[in-house]
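Asker: So I've got this file, protein-v8.txt, and it contains compact mmCIF, C-alpha atoms:
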```txt
# COMPACT_ATOMS: atom_id res chain seq x y z
CA MET M 634 99.45 99.99 44.37
CA SER M 635 103.08 100.64 45.28
CA VAL M 636 104.43 103.67 47.07
CA ALA M 637 106.33 104.63 43.93
CA ALA M 638 103.05 104.80 42.01
CA LEU M 639 101.71 107.58 44.23
CA PRO M 640 101.71 111.10 42.75
CA ALA M 641 104.55 113.29 43.92
CA ARG M 642 102.91 115.94 46.09
CA SER M 643 105.71 116.41 48.59
CA LEU M 644 105.63 120.18 48.12
CA ARG M 645 102.07 120.25 49.48
CA CYS M 646 102.82 117.80 52.24
CA PRO M 647 102.00 119.91 55.35
CA GLN M 648 98.54 120.76 53.97
CA PHE M 649 95.36 119.41 55.61
CA ASP M 650 93.09 117.04 53.75
CA LEU M 651 90.82 119.86 52.62
CA GLY M 652 88.24 117.51 51.12
CA LEU M 653 87.70 115.65 54.39
CA LEU M 654 87.68 118.89 56.37
CA ALA M 655 85.19 120.49 53.98
CA ALA M 656 82.82 117.50 54.10
CA ALA M 657 82.86 117.50 57.91
CA ALA M 658 82.36 121.29 58.03
CA VAL M 659 79.40 121.20 55.63
CA LEU M 660 77.75 118.37 57.59
CA ALA M 661 78.22 120.19 60.90
CA SER M 662 76.97 123.49 59.45
CA LEU M 663 73.97 121.80 57.87
CA GLY M 664 73.36 120.16 61.24
CA LEU M 665 73.19 123.55 62.94
CA VAL M 666 70.63 124.74 60.39
CA MET M 667 68.48 121.61 60.62
CA VAL M 668 68.61 121.43 64.43
CA ALA M 669 67.48 125.05 64.54
CA SER M 670 64.60 124.31 62.17
CA ALA M 671 63.55 121.06 63.86
CA SER M 672 63.80 122.20 67.48
CA ILE M 673 62.30 125.70 67.62
CA SER M 674 58.76 124.58 68.40
CA ILE M 675 59.65 121.94 70.99
CA ALA M 676 62.23 124.25 72.62
CA ASP M 677 59.65 127.01 72.93
CA ARG M 678 57.13 124.61 74.46
CA GLU M 679 59.51 122.91 76.90
CA THR M 680 61.81 125.77 77.90
CA GLY M 681 60.18 128.97 76.70
CA GLN M 682 63.36 129.68 74.69
CA PRO M 683 62.94 128.94 70.95
CA PHE M 684 66.70 128.84 70.35
CA PHE M 685 67.57 126.72 73.40
CA PHE M 686 68.74 123.65 71.47
CA ILE M 687 70.53 125.47 68.67
CA VAL M 688 72.53 127.57 71.15
CA ARG M 689 73.60 124.43 72.98
CA GLN M 690 74.43 122.69 69.69
CA ALA M 691 76.62 125.63 68.65
CA LEU M 692 78.34 125.50 72.04
CA TYR M 693 78.91 121.74 71.68
CA LEU M 694 80.39 122.32 68.22
CA LEU M 695 82.75 124.95 69.60
CA VAL M 696 83.87 122.60 72.39
CA GLY M 697 84.30 119.82 69.84
CA ILE M 698 86.45 122.01 67.60
CA LEU M 699 88.66 123.05 70.53
CA LEU M 700 89.10 119.46 71.74
CA GLY M 701 89.70 118.37 68.15
CA MET M 702 92.47 120.95 67.82
CA ALA M 703 94.02 119.62 71.02
CA ALA M 704 93.76 116.02 69.77
CA PHE M 705 95.34 116.99 66.45
CA ARG M 706 98.43 118.30 68.22
CA LEU M 707 99.19 114.85 69.71
CA ARG M 708 101.43 112.63 67.61
CA LEU M 709 100.14 109.24 66.53
CA ALA M 710 102.80 107.57 68.67
CA VAL M 711 101.08 108.99 71.76
CA TRP M 712 97.71 107.57 70.71
CA SER M 713 99.30 104.22 69.90
CA ARG M 714 100.91 103.93 73.34
CA ALA M 715 97.67 104.94 75.07
CA GLY M 716 95.74 101.86 73.95
CA MET M 717 95.38 100.20 77.36
CA VAL M 718 94.62 103.53 79.02
CA ALA M 719 91.89 104.11 76.42
CA LEU M 720 90.40 100.68 77.10
CA PHE M 721 90.30 101.11 80.88
CA LEU M 722 88.82 104.59 80.46
CA ALA M 723 86.10 103.19 78.21
CA LEU M 724 85.29 100.41 80.68
CA GLY M 725 85.31 102.90 83.55
CA LEU M 726 82.80 105.16 81.80
CA LEU M 727 80.54 102.22 80.92
CA LEU M 728 80.63 100.98 84.52
CA LEU M 729 80.15 104.46 85.98
CA VAL M 730 76.88 105.02 84.14
CA LEU M 731 75.46 101.85 85.72
CA VAL M 732 76.18 103.03 89.29
CA PRO M 733 72.86 103.89 91.00
CA GLY M 734 72.54 107.62 91.51
CA VAL M 735 75.25 108.43 88.97
CA GLY M 736 73.76 107.37 85.65
CA LYS M 737 70.78 109.33 84.36
CA THR M 738 67.79 107.46 82.94
CA ILE M 739 65.95 108.99 79.99
CA ASN M 740 63.20 107.18 78.07
CA GLY M 741 63.97 103.92 79.88
CA SER M 742 67.72 103.88 79.11
CA THR M 743 70.53 104.73 81.52
CA ARG M 744 73.16 106.08 79.14
CA TRP M 745 74.17 109.46 80.55
CA VAL M 746 76.38 110.83 83.31
CA GLY M 747 75.55 114.35 84.40
CA PHE M 748 78.13 117.15 84.66
CA GLY M 749 76.18 120.18 85.84
CA PRO M 750 73.84 121.34 83.08
CA PHE M 751 75.40 118.92 80.57
CA ASN M 752 75.04 115.16 80.12
CA LEU M 753 77.70 112.83 78.72
CA GLN M 754 76.42 109.82 76.77
CA VAL M 755 79.23 107.44 77.69
CA SER M 756 78.81 105.12 74.70
CA GLU M 757 80.06 107.88 72.35
CA PRO M 758 83.59 108.32 73.76
CA ALA M 759 83.67 104.60 74.60
CA LYS M 760 83.37 103.67 70.91
CA LEU M 761 86.33 105.84 69.94
CA LEU M 762 88.42 104.68 72.90
CA VAL M 763 87.81 101.00 72.08
CA LEU M 764 88.82 101.60 68.45
CA ILE M 765 92.07 103.19 69.63
CA TYR M 766 92.77 100.16 71.84
CA LEU M 767 91.88 97.64 69.13
CA SER M 768 94.01 99.40 66.50
CA GLY M 769 97.00 99.20 68.82
CA TYR M 770 96.33 95.56 69.70
CA LEU M 771 96.19 94.52 66.04
CA VAL M 772 99.63 96.06 65.55
CA ARG M 773 101.23 94.63 68.71
CA ARG M 774 99.80 91.15 68.15
CA ALA M 775 99.78 91.09 64.35
CA GLY M 776 101.36 87.65 64.02
CA GLU M 777 99.25 86.11 66.77
CA VAL M 778 96.05 87.54 65.28
CA ARG M 779 96.79 86.00 61.87
CA GLU M 780 98.19 82.66 62.99
CA GLN M 781 96.72 81.71 66.37
CA VAL M 782 93.19 81.38 67.69
CA SER M 783 94.22 83.11 70.94
CA GLY M 784 95.12 86.28 69.05
CA PHE M 785 91.59 86.35 67.74
CA LEU M 786 89.79 85.40 70.93
CA LYS M 787 91.51 87.90 73.27
CA PRO M 788 90.16 91.07 71.63
CA MET M 789 86.81 89.39 71.11
CA ALA M 790 86.62 88.73 74.87
CA VAL M 791 87.31 92.40 75.55
CA LEU M 792 84.70 93.45 72.99
CA GLY M 793 82.26 91.00 74.54
CA LEU M 794 82.68 92.69 77.92
CA VAL M 795 82.19 96.14 76.37
CA CYS M 796 79.06 94.95 74.54
CA ILE M 797 77.62 93.47 77.73
CA LEU M 798 78.06 96.82 79.49
CA LEU M 799 76.45 98.63 76.55
CA LEU M 800 73.50 96.24 76.54
CA ALA M 801 73.07 96.75 80.28
CA GLU M 802 72.21 100.43 79.69
CA PRO M 803 70.63 99.30 77.27
CA ASP M 804 72.18 100.67 74.05
CA PHE M 805 71.61 98.10 71.34
CA GLY M 806 72.48 100.51 68.52
CA ALA M 807 75.92 101.40 69.87
CA THR M 808 76.58 97.69 70.42
CA VAL M 809 75.80 96.86 66.79
CA VAL M 810 77.95 99.70 65.43
CA LEU M 811 80.94 98.95 67.65
CA LEU M 812 80.83 95.21 67.05
CA ALA M 813 80.48 95.59 63.28
CA THR M 814 83.36 98.08 63.15
CA ALA M 815 85.57 95.83 65.28
CA LEU M 816 84.84 92.83 63.07
CA THR M 817 85.78 94.90 60.03
CA LEU M 818 89.15 95.74 61.59
CA MET M 819 89.74 92.11 62.51
CA PHE M 820 89.04 91.10 58.93
CA LEU M 821 91.45 93.74 57.61
CA ALA M 822 94.08 92.52 60.09
CA GLY M 823 94.11 89.13 58.38
CA VAL M 824 92.06 86.94 60.70
CA ARG M 825 91.53 83.50 59.19
CA TRP M 826 88.33 83.47 57.20
CA TRP M 827 86.79 80.50 59.06
CA GLN M 828 87.34 82.22 62.42
CA PHE M 829 85.79 85.38 61.08
CA ALA M 830 82.83 83.47 59.61
CA ILE M 831 82.18 81.64 62.87
CA LEU M 832 82.33 84.82 64.93
CA LEU M 833 80.10 86.64 62.45
CA ALA M 834 77.53 83.86 62.65
CA VAL M 835 77.67 83.80 66.45
CA ALA M 836 77.36 87.59 66.68
CA ALA M 837 74.41 87.61 64.28
CA GLY M 838 72.73 84.81 66.23
CA LEU M 839 73.22 86.58 69.57
CA MET M 840 71.88 89.85 68.16
CA ALA M 841 68.82 88.06 66.81
CA LEU M 842 68.32 86.28 70.16
CA LEU M 843 68.53 89.57 72.04
CA ALA M 844 65.99 91.09 69.68
CA VAL M 845 63.39 88.33 69.97
CA THR M 846 63.76 87.78 73.73
CA SER M 847 63.34 91.45 74.68
CA PRO M 848 59.74 92.70 74.54
CA TYR M 849 60.57 96.27 73.57
CA ARG M 850 63.11 95.20 70.93
CA MET M 851 60.62 92.69 69.53
CA ALA M 852 58.03 95.46 69.38
CA ARG M 853 60.48 97.64 67.46
CA LEU M 854 61.16 94.81 65.03
CA THR M 855 57.49 94.10 64.34
CA THR M 856 56.74 97.81 64.05
CA PHE M 857 59.53 98.21 61.52
CA LEU M 858 58.06 95.43 59.40
CA ASN M 859 54.59 97.01 59.33
CA PRO M 860 54.36 100.44 61.00
CA TRP M 861 50.94 101.10 59.48
CA ALA M 862 49.43 98.24 61.49
CA ASP M 863 49.42 100.53 64.55
CA PRO M 864 50.08 104.06 63.25
CA PHE M 865 48.85 105.80 66.41
CA ASP M 866 50.87 103.83 68.96
CA SER M 867 53.89 101.60 68.30
CA GLY M 868 54.19 102.69 64.67
CA PHE M 869 53.58 106.39 65.29
CA GLN M 870 57.20 107.59 65.09
CA LEU M 871 58.06 105.68 61.93
CA THR M 872 54.84 106.59 60.12
CA GLN M 873 55.38 110.27 60.91
CA SER M 874 58.95 109.99 59.62
CA LEU M 875 57.75 108.39 56.40
CA ILE M 876 55.12 111.09 55.97
CA ALA M 877 57.80 113.76 56.40
CA ILE M 878 60.08 112.13 53.83
CA GLY M 879 57.20 111.68 51.40
CA ARG M 880 56.13 115.32 51.69
CA GLY M 881 59.60 116.48 50.65
CA GLU M 882 59.29 115.13 47.10
CA TRP M 883 62.04 116.48 44.80
CA PHE M 884 62.97 119.87 46.24
CA GLY M 885 61.25 119.95 49.65
CA VAL M 886 58.64 122.24 51.13
CA GLY M 887 61.26 124.85 52.01
CA LEU M 888 63.66 125.37 54.90
CA GLY M 889 61.67 125.93 58.08
CA ALA M 890 58.35 125.13 56.41
CA GLY M 891 58.11 121.50 57.51
CA VAL M 892 55.00 120.38 59.38
CA GLN M 893 55.92 117.01 60.89
CA LYS M 894 58.39 118.58 63.34
CA LEU M 895 55.51 120.52 64.92
CA PHE M 896 54.82 117.97 67.70
CA TYR M 897 54.00 115.15 65.25
CA LEU M 898 57.43 113.55 64.80
CA PRO M 899 59.07 112.55 68.12
CA GLU M 900 62.82 113.21 68.48
CA ALA M 901 62.71 115.45 65.39
CA HIS M 902 65.96 117.25 66.23
CA THR M 903 67.91 114.17 67.39
CA ASP M 904 67.42 110.68 65.93
CA PHE M 905 64.96 111.79 63.22
CA VAL M 906 66.50 115.05 62.00
CA PHE M 907 67.11 113.32 58.65
CA ALA M 908 63.34 113.05 58.12
CA VAL M 909 62.96 116.80 58.78
CA LEU M 910 65.77 117.48 56.32
CA ALA M 911 64.07 115.29 53.70
CA GLU M 912 60.76 117.11 54.18
CA GLU M 913 62.25 120.60 53.96
CA LEU M 914 65.04 120.07 51.39
CA GLY M 915 63.57 117.16 49.45
CA LEU M 916 65.38 114.47 47.50
CA LEU M 917 68.02 117.00 46.50
CA GLY M 918 68.95 117.56 50.14
CA VAL M 919 68.91 113.82 50.85
CA LEU M 920 71.29 113.12 47.96
CA LEU M 921 73.57 115.92 49.16
CA VAL M 922 73.79 114.41 52.65
CA ILE M 923 74.35 110.88 51.35
CA GLY M 924 77.02 112.19 48.99
CA LEU M 925 78.81 114.01 51.82
CA TYR M 926 78.91 110.89 53.99
CA ALA M 927 80.05 108.75 51.05
CA PHE M 928 82.84 111.22 50.29
CA PHE M 929 83.82 111.36 53.97
CA VAL M 930 84.12 107.57 54.17
CA TYR M 931 86.05 107.51 50.87
CA ARG M 932 88.56 110.04 52.19
CA ALA M 933 88.88 108.15 55.49
CA PHE M 934 89.66 104.92 53.63
CA ALA M 935 92.09 106.74 51.32
CA ILE M 936 93.88 108.12 54.37
CA ALA M 937 93.98 104.62 55.86
CA ARG M 938 95.46 103.24 52.63
CA THR M 939 98.13 105.94 52.60
CA ALA M 940 98.97 105.14 56.22
CA GLN M 941 99.51 101.50 55.31
CA LEU M 942 101.82 102.51 52.47
CA ALA M 943 103.75 104.67 54.94
CA ASN M 944 104.23 101.58 57.13
CA GLU M 945 102.00 103.02 59.88
CA PRO M 946 99.62 100.13 60.59
CA PHE M 947 98.16 101.67 63.77
CA ALA M 948 97.19 104.80 61.85
CA GLY M 949 95.76 102.69 59.05
CA TYR M 950 93.58 100.58 61.34
CA LEU M 951 92.36 103.63 63.24
CA ALA M 952 91.45 105.47 60.04
CA TYR M 953 89.64 102.41 58.68
CA GLY M 954 87.83 102.08 62.01
CA ILE M 955 86.72 105.72 62.15
CA GLY M 956 85.56 105.66 58.53
CA THR M 957 83.62 102.42 59.03
CA TRP M 958 82.08 103.65 62.28
CA ILE M 959 80.85 106.98 60.90
CA GLY M 960 79.68 105.48 57.62
CA LEU M 961 77.84 102.61 59.31
CA GLN M 962 76.19 104.85 61.91
CA ALA M 963 75.03 107.27 59.20
CA PHE M 964 73.68 104.37 57.13
CA ILE M 965 71.76 102.93 60.08
CA ASN M 966 70.28 106.30 61.10
CA MET M 967 69.10 107.08 57.58
CA GLY M 968 67.81 103.53 57.17
CA VAL M 969 65.80 103.86 60.39
CA ASN M 970 64.32 107.18 59.24
CA MET M 971 63.25 105.62 55.93
CA GLY M 972 61.83 102.47 57.49
CA LEU M 973 64.55 100.21 56.07
CA LEU M 974 65.91 99.22 59.50
CA PRO M 975 64.41 98.83 63.00
CA THR M 976 64.73 101.82 65.34
CA LYS M 977 68.18 101.89 67.00
CA GLY M 978 68.41 105.24 68.80
CA LEU M 979 71.55 106.34 66.95
CA THR M 980 72.33 109.93 66.03
CA LEU M 981 73.25 111.07 62.53
CA PRO M 982 77.00 111.85 62.86
CA LEU M 983 77.85 115.58 62.89
CA LEU M 984 74.25 116.46 62.01
CA SER M 985 71.88 115.41 64.80
CA TYR M 986 71.49 117.32 68.05
CA GLY M 987 73.59 115.82 70.83
CA GLY M 988 76.63 117.14 72.62
CA SER M 989 78.39 113.84 73.29
CA SER M 990 78.09 112.63 69.71
CA LEU M 991 79.10 115.96 68.16
CA VAL M 992 82.15 116.47 70.40
CA VAL M 993 83.41 112.91 69.86
CA MET M 994 82.87 113.17 66.11
CA CYS M 995 84.95 116.36 66.03
CA ILE M 996 87.76 114.53 67.82
CA ALA M 997 87.45 111.61 65.38
CA VAL M 998 87.75 114.00 62.42
CA ALA M 999 90.81 115.58 64.05
CA LEU M 1000 92.41 112.14 64.40
CA LEU M 1001 91.84 111.46 60.71
CA LEU M 1002 93.44 114.79 59.85
CA ARG M 1003 96.40 113.95 62.10
CA ILE M 1004 96.80 110.55 60.47
CA ASP M 1005 96.75 112.16 57.05
CA TYR M 1006 99.19 114.87 58.13
CA GLU M 1007 101.80 112.42 59.44
CA THR M 1008 101.50 109.54 57.01
CA ARG M 1009 101.12 111.54 53.79
CA CYS M 1010 104.35 113.36 54.57
CA SER M 1011 106.09 110.02 55.13
CA VAL M 1012 104.78 108.49 51.92
CA TYR M 1013 105.63 111.38 49.65
CA THR M 1014 109.02 111.92 51.26
CA LEU M 1015 109.72 108.24 50.68
CA THR M 1016 108.51 108.56 47.08
CA ALA M 1017 110.86 111.50 46.46
CA ASP M 1018 113.79 109.63 48.04
CA ARG M 1019 113.19 106.59 45.84
CA THR M 1020 112.93 108.77 42.75
CA ARG M 1021 116.24 110.46 43.52
CA ALA M 1022 117.89 107.10 44.16
CA ARG M 1023 116.72 105.75 40.79
CA LYS M 1024 118.01 108.83 39.03
CA ARG M 1025 121.42 108.25 40.61
CA ARG M 1026 121.31 104.66 39.31
CA GLY M 1027 120.71 105.84 35.76
CA GLY M 1028 117.15 107.10 35.47
CA VAL M 1029 113.59 106.49 36.54
CA ARG M 1030 112.06 103.26 35.29
CA ARG M 1031 108.97 103.78 33.18
```
Show this structure as structure tokens.

Answerer:
Amino acid sequence: MSVAALPARSLRCPQFDLGLLAAAAVLASLGLVMVASASISIADRETGQPFFFIVRQALYLLVGILLGMAAFRLRLAVWSRAGMVALFLALGLLLLVLVPGVGKTINGSTRWVGFGPFNLQVSEPAKLLVLIYLSGYLVRRAGEVREQVSGFLKPMAVLGLVCILLLAEPDFGATVVLLATALTLMFLAGVRWWQFAILLAVAAGLMALLAVTSPYRMARLTTFLNPWADPFDSGFQLTQSLIAIGRGEWFGVGLGAGVQKLFYLPEAHTDFVFAVLAEELGLLGVLLVIGLYAFFVYRAFAIARTAQLANEPFAGYLAYGIGTWIGLQAFINMGVNMGLLPTKGLTLPLLSYGGSSLVVMCIAVALLLRIDYETRCSVYTLTADRTRARKRRGGVRR
């Protein structure tokens, strides 16, 4: 598709991508409703305040919106130049959480750094920061990436270091999402197919080796294959999730009327909020959520395509990366809830409870809006200029 084939919308150029913004807003609003429904009982039991989690989620959303507005005001050129800074910041956060006495351990994983009453899960900003770095690298080293093995191996070495730090927490889910997103960007950048195939095979082999050599990951894998073999111990969480989804049927039992969230389903307001949504809103609610994520990814990829046409490769790679990241994480979370994938400990983007994830997702949405704002103006201005030039030469070619 050529630039000239794009519809002339230059008069509406400064407008936001309302579709993307609406999808994100509906997901975040639905998340507030479902977190409130899923967390009231556990919040009352643990804190004596039924609305403890929903108040914090609303506060996180407000902080995310404010930081997103600040991120939107920065031009893409600033983000492009900040690639190395972003990488060192990501590595610093991942190293900081491993420092004894600094990182907080919850449920056997050291993933959080405390800031007063709030905890930062460092893998969330690290994923976005690494994508910013990688997008810039693929632009700066475009020829080397396509033509030389070194251009392929250098970013893979950096990603390998990041993945090692993530696995040290351990955070297997974040490692899978980041690595898969990075490989997608490398493929889009034109890496030779045999290099990509070899790396993909090596990555898959290492992931499988990590799974089978770690007792708790092996337990998760075997539980995923047959959760009903031990429904009261290792398979308890998944079986309760499946029960919740099954109870929802077509239209759900009604908002707030779910039973599984009442101390049966662990992590009901975080990793397994999708199961609560399925129980209370039924298949109709599930299809709505899937449709919103599918539309979000579609708009992200459309924005990336427009950025490429505007000759803004950094913006294009970053938009592709954000779209792939959010789509893949949503797919994995829903797959885990439905028993299609082993448990990964990943949140449902914009919907699950979790301050770090929600704030970073708001910033990611703001970056997509910024990319659209800058590159769409460039494309349609260029389209109008070409049209005027053809008219001066004797008319527009049909």

Asker: Record the distance separating CA of Gly987 in chain M and CA of Phe805 in chain M, expressed in Å with one decimal.

Answerer: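 Those two atoms sit 17.8 Å apart.
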
Asker: Considering all atoms listed in the file, can you say which of M:Leu917, M:Val668, M:Leu799, M:Ala710 comes closest to Val730 in chain M?

Answerer: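 Under the stated criterion, the closest residue is M:Leu799.
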
Asker: Which residue, M:Pro899, M:Ser989, M:Phe685, M:Leu762, has the smallest gap to Gly747 in chain M when you use all atoms listed in the file?

Answerer: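 Nearest candidate to Gly747 in chain M out of M:Pro899, M:Ser989, M:Phe685, M:Leu762: M:Ser989.
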
Asker: Counting all atoms listed in the file, which of M:Ala901, M:Ala948, M:Leu720, M:Leu979 gets nearest to Ala807 in chain M?

Answerer: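 Ranking M:Ala901, M:Ala948, M:Leu720, M:Leu979 by distance to Ala807 in chain M, first place goes to M:Leu979.
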
Asker: If we count only C-alpha atoms, what is near Leu700 in chain M at a cut-off of 9 Å, once residues fewer than 4 positions away on the same chain are taken out, given as a ChimeraX atom specification?

Answerer: /M:695-696,704-705,992-993,995-996,999

Asker: CA of Gly954 in chain M and CA of Val755 in chain M, how far apart in Å?

Answerer: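 Computing it gives 18.7 Å between the two atoms.
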
Asker: Just how far from CA of Lys894 in chain M is CA of Gly681 in chain M, in Å to one decimal?

Answerer: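 Calculated distance between CA of Gly681 in chain M and CA of Lys894 in chain M is 17.0 Å.
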
Asker: Which one of M:Leu1002, M:Ala715, M:Ala775, M:Ala943 sits closest to Ala822 in chain M if you count all atoms listed in the file?

Answerer: M:Ala775

Asker: Pick from M:Leu973, M:Glu679, M:Val809, M:Tyr931: nearest to Ala837 in chain M, with all atoms listed in the file counted?

Answerer: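 Under the stated criterion, the closest residue is M:Val809.
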
Asker: Using all atoms listed in the file, which residue out of M:Val824, M:Leu984, M:Ala937, M:Val810 lies closest to Leu925 in chain M?

Answerer: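 When distances to Leu925 in chain M are compared using all atoms listed in the file, the smallest one comes from M:Leu984.
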
Asker: Box for range 822-832 of chain M: with edges along x, y and z, all listed atoms inside and 6 Å added on each side, what are the centre and edge lengths in Å to one decimal, as AutoDock Vina command-line options?

Answerer:
```
--center_x 88.1 --center_y 86.5 --center_z 61.1 --size_x 23.9 --size_y 24.0 --size_z 19.7
```

Asker: If we count all atoms listed in the file, what is near Leu724 in chain M at a cut-off of 12 Å, once residues fewer than 3 positions away on the same chain are taken out, given as a PyMOL selection string?

Answerer: chain M and resi 717-721+727-731+755-756+758-760+762-763+766+791-799

Asker: Compile a residue-level contact table for range 879-911 of chain M against range 966-970 of chain M at a cut-off of 9 Å, reporting for every qualifying residue the shortest atom pair and its distance in Å to one decimal, with all atoms listed in the file counted, rows ordered by chain and ascending number, as a tab-separated table.

Answerer:
```
residue	atom	partner	partner_atom	distance
M:Asp904	CA	M:Asn966	CA	7.1
M:Phe905	CA	M:Asn970	CA	6.1
M:Val906	CA	M:Asn970	CA	8.6
M:Phe907	CA	M:Met967	CA	6.6
M:Ala908	CA	M:Asn970	CA	6.1
```

Asker: Within 8 Å of (76.0, 109.8, 82.0) in the file's own coordinates, which protein, DNA or RNA residues have an atom, counting all atoms listed in the file? List them as a VMD selection string.

Answerer: chain M and resid 729 to 730 735 to 737 743 to 747 752 to 755

Asker: At a cut-off of 9 Å, using only C-alpha atoms, what residues contact Leu654 in chain M? Leave out same-chain residues fewer than 4 positions from it and give the result as a PDB file with C-alpha atoms, keeping the file's coordinate frame.

Answerer:
```
ATOM      1  CA  PHE M 649      95.360 119.410  55.610  1.00  0.00           C
ATOM      2  CA  ASP M 650      93.090 117.040  53.750  1.00  0.00           C
ATOM      3  CA  ALA M 658      82.360 121.290  58.030  1.00  0.00           C
ATOM      4  CA  VAL M 659      79.400 121.200  55.630  1.00  0.00           C
ATOM      5  CA  PHE M 929      83.820 111.360  53.970  1.00  0.00           C
ATOM      6  CA  VAL M 998      87.750 114.000  62.420  1.00  0.00           C
ATOM      7  CA  ALA M 999      90.810 115.580  64.050  1.00  0.00           C
ATOM      8  CA  LEU M1002      93.440 114.790  59.850  1.00  0.00           C
TER       9      LEU M1002
END
```

Asker: Taking a cut-off of 12 Å and counting all atoms listed in the file, can you build a table that, for each residue of range 975-1005 of chain M near range 863-872 of chain M, reports the nearest atom pair and how far apart they are in Å (one decimal), sorted by chain then residue number, as a tab-separated table?

Answerer:
```
residue	atom	partner	partner_atom	distance
M:Pro975	CA	M:Leu871	CA	9.4
M:Thr976	CA	M:Leu871	CA	8.4
M:Lys977	CA	M:Leu871	CA	11.9
```

Asker: Starting from the point (97.4, 105.1, 70.6), work out which residues of protein, DNA or RNA have an atom no more than 8 Å away when counting all atoms listed in the file; state them as a list of chain:residue names.

Answerer: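 Output: M:Leu709, M:Ala710, M:Val711, M:Trp712, M:Ser713, M:Arg714, M:Ala715, M:Gly716, M:Ile765, M:Tyr766, M:Ser768, M:Gly769, M:Phe947.
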
Asker: Excluding Val688 in chain M and its own-chain neighbours fewer than 4 positions away, which residues fall within 12 Å of it when counting all atoms listed in the file? Please give them as a count of residues only.

Answerer: 17

Asker: Can you list, as a list in words, every protein, DNA or RNA residue that comes within 8 Å of Gln893 in chain M when you count all atoms listed in the file, leaving out same-chain residues fewer than 3 positions away?

Answerer: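 Final neighbour list, sorted by chain and number: Gln873, Ser874, Ile876, Ala877, Phe896, Tyr897, Leu898 and Val909 of chain M.
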
Asker: Would you output that residue set with C-alpha atoms, as a compact mmCIF listing (two decimals), in the frame of the given file?

Answerer:
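File written: part.txt
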```txt
# COMPACT_ATOMS: atom_id res chain seq x y z
CA GLN M 873 55.38 110.27 60.91
CA SER M 874 58.95 109.99 59.62
CA ILE M 876 55.12 111.09 55.97
CA ALA M 877 57.80 113.76 56.40
CA PHE M 896 54.82 117.97 67.70
CA TYR M 897 54.00 115.15 65.25
CA LEU M 898 57.43 113.55 64.80
CA VAL M 909 62.96 116.80 58.78
```
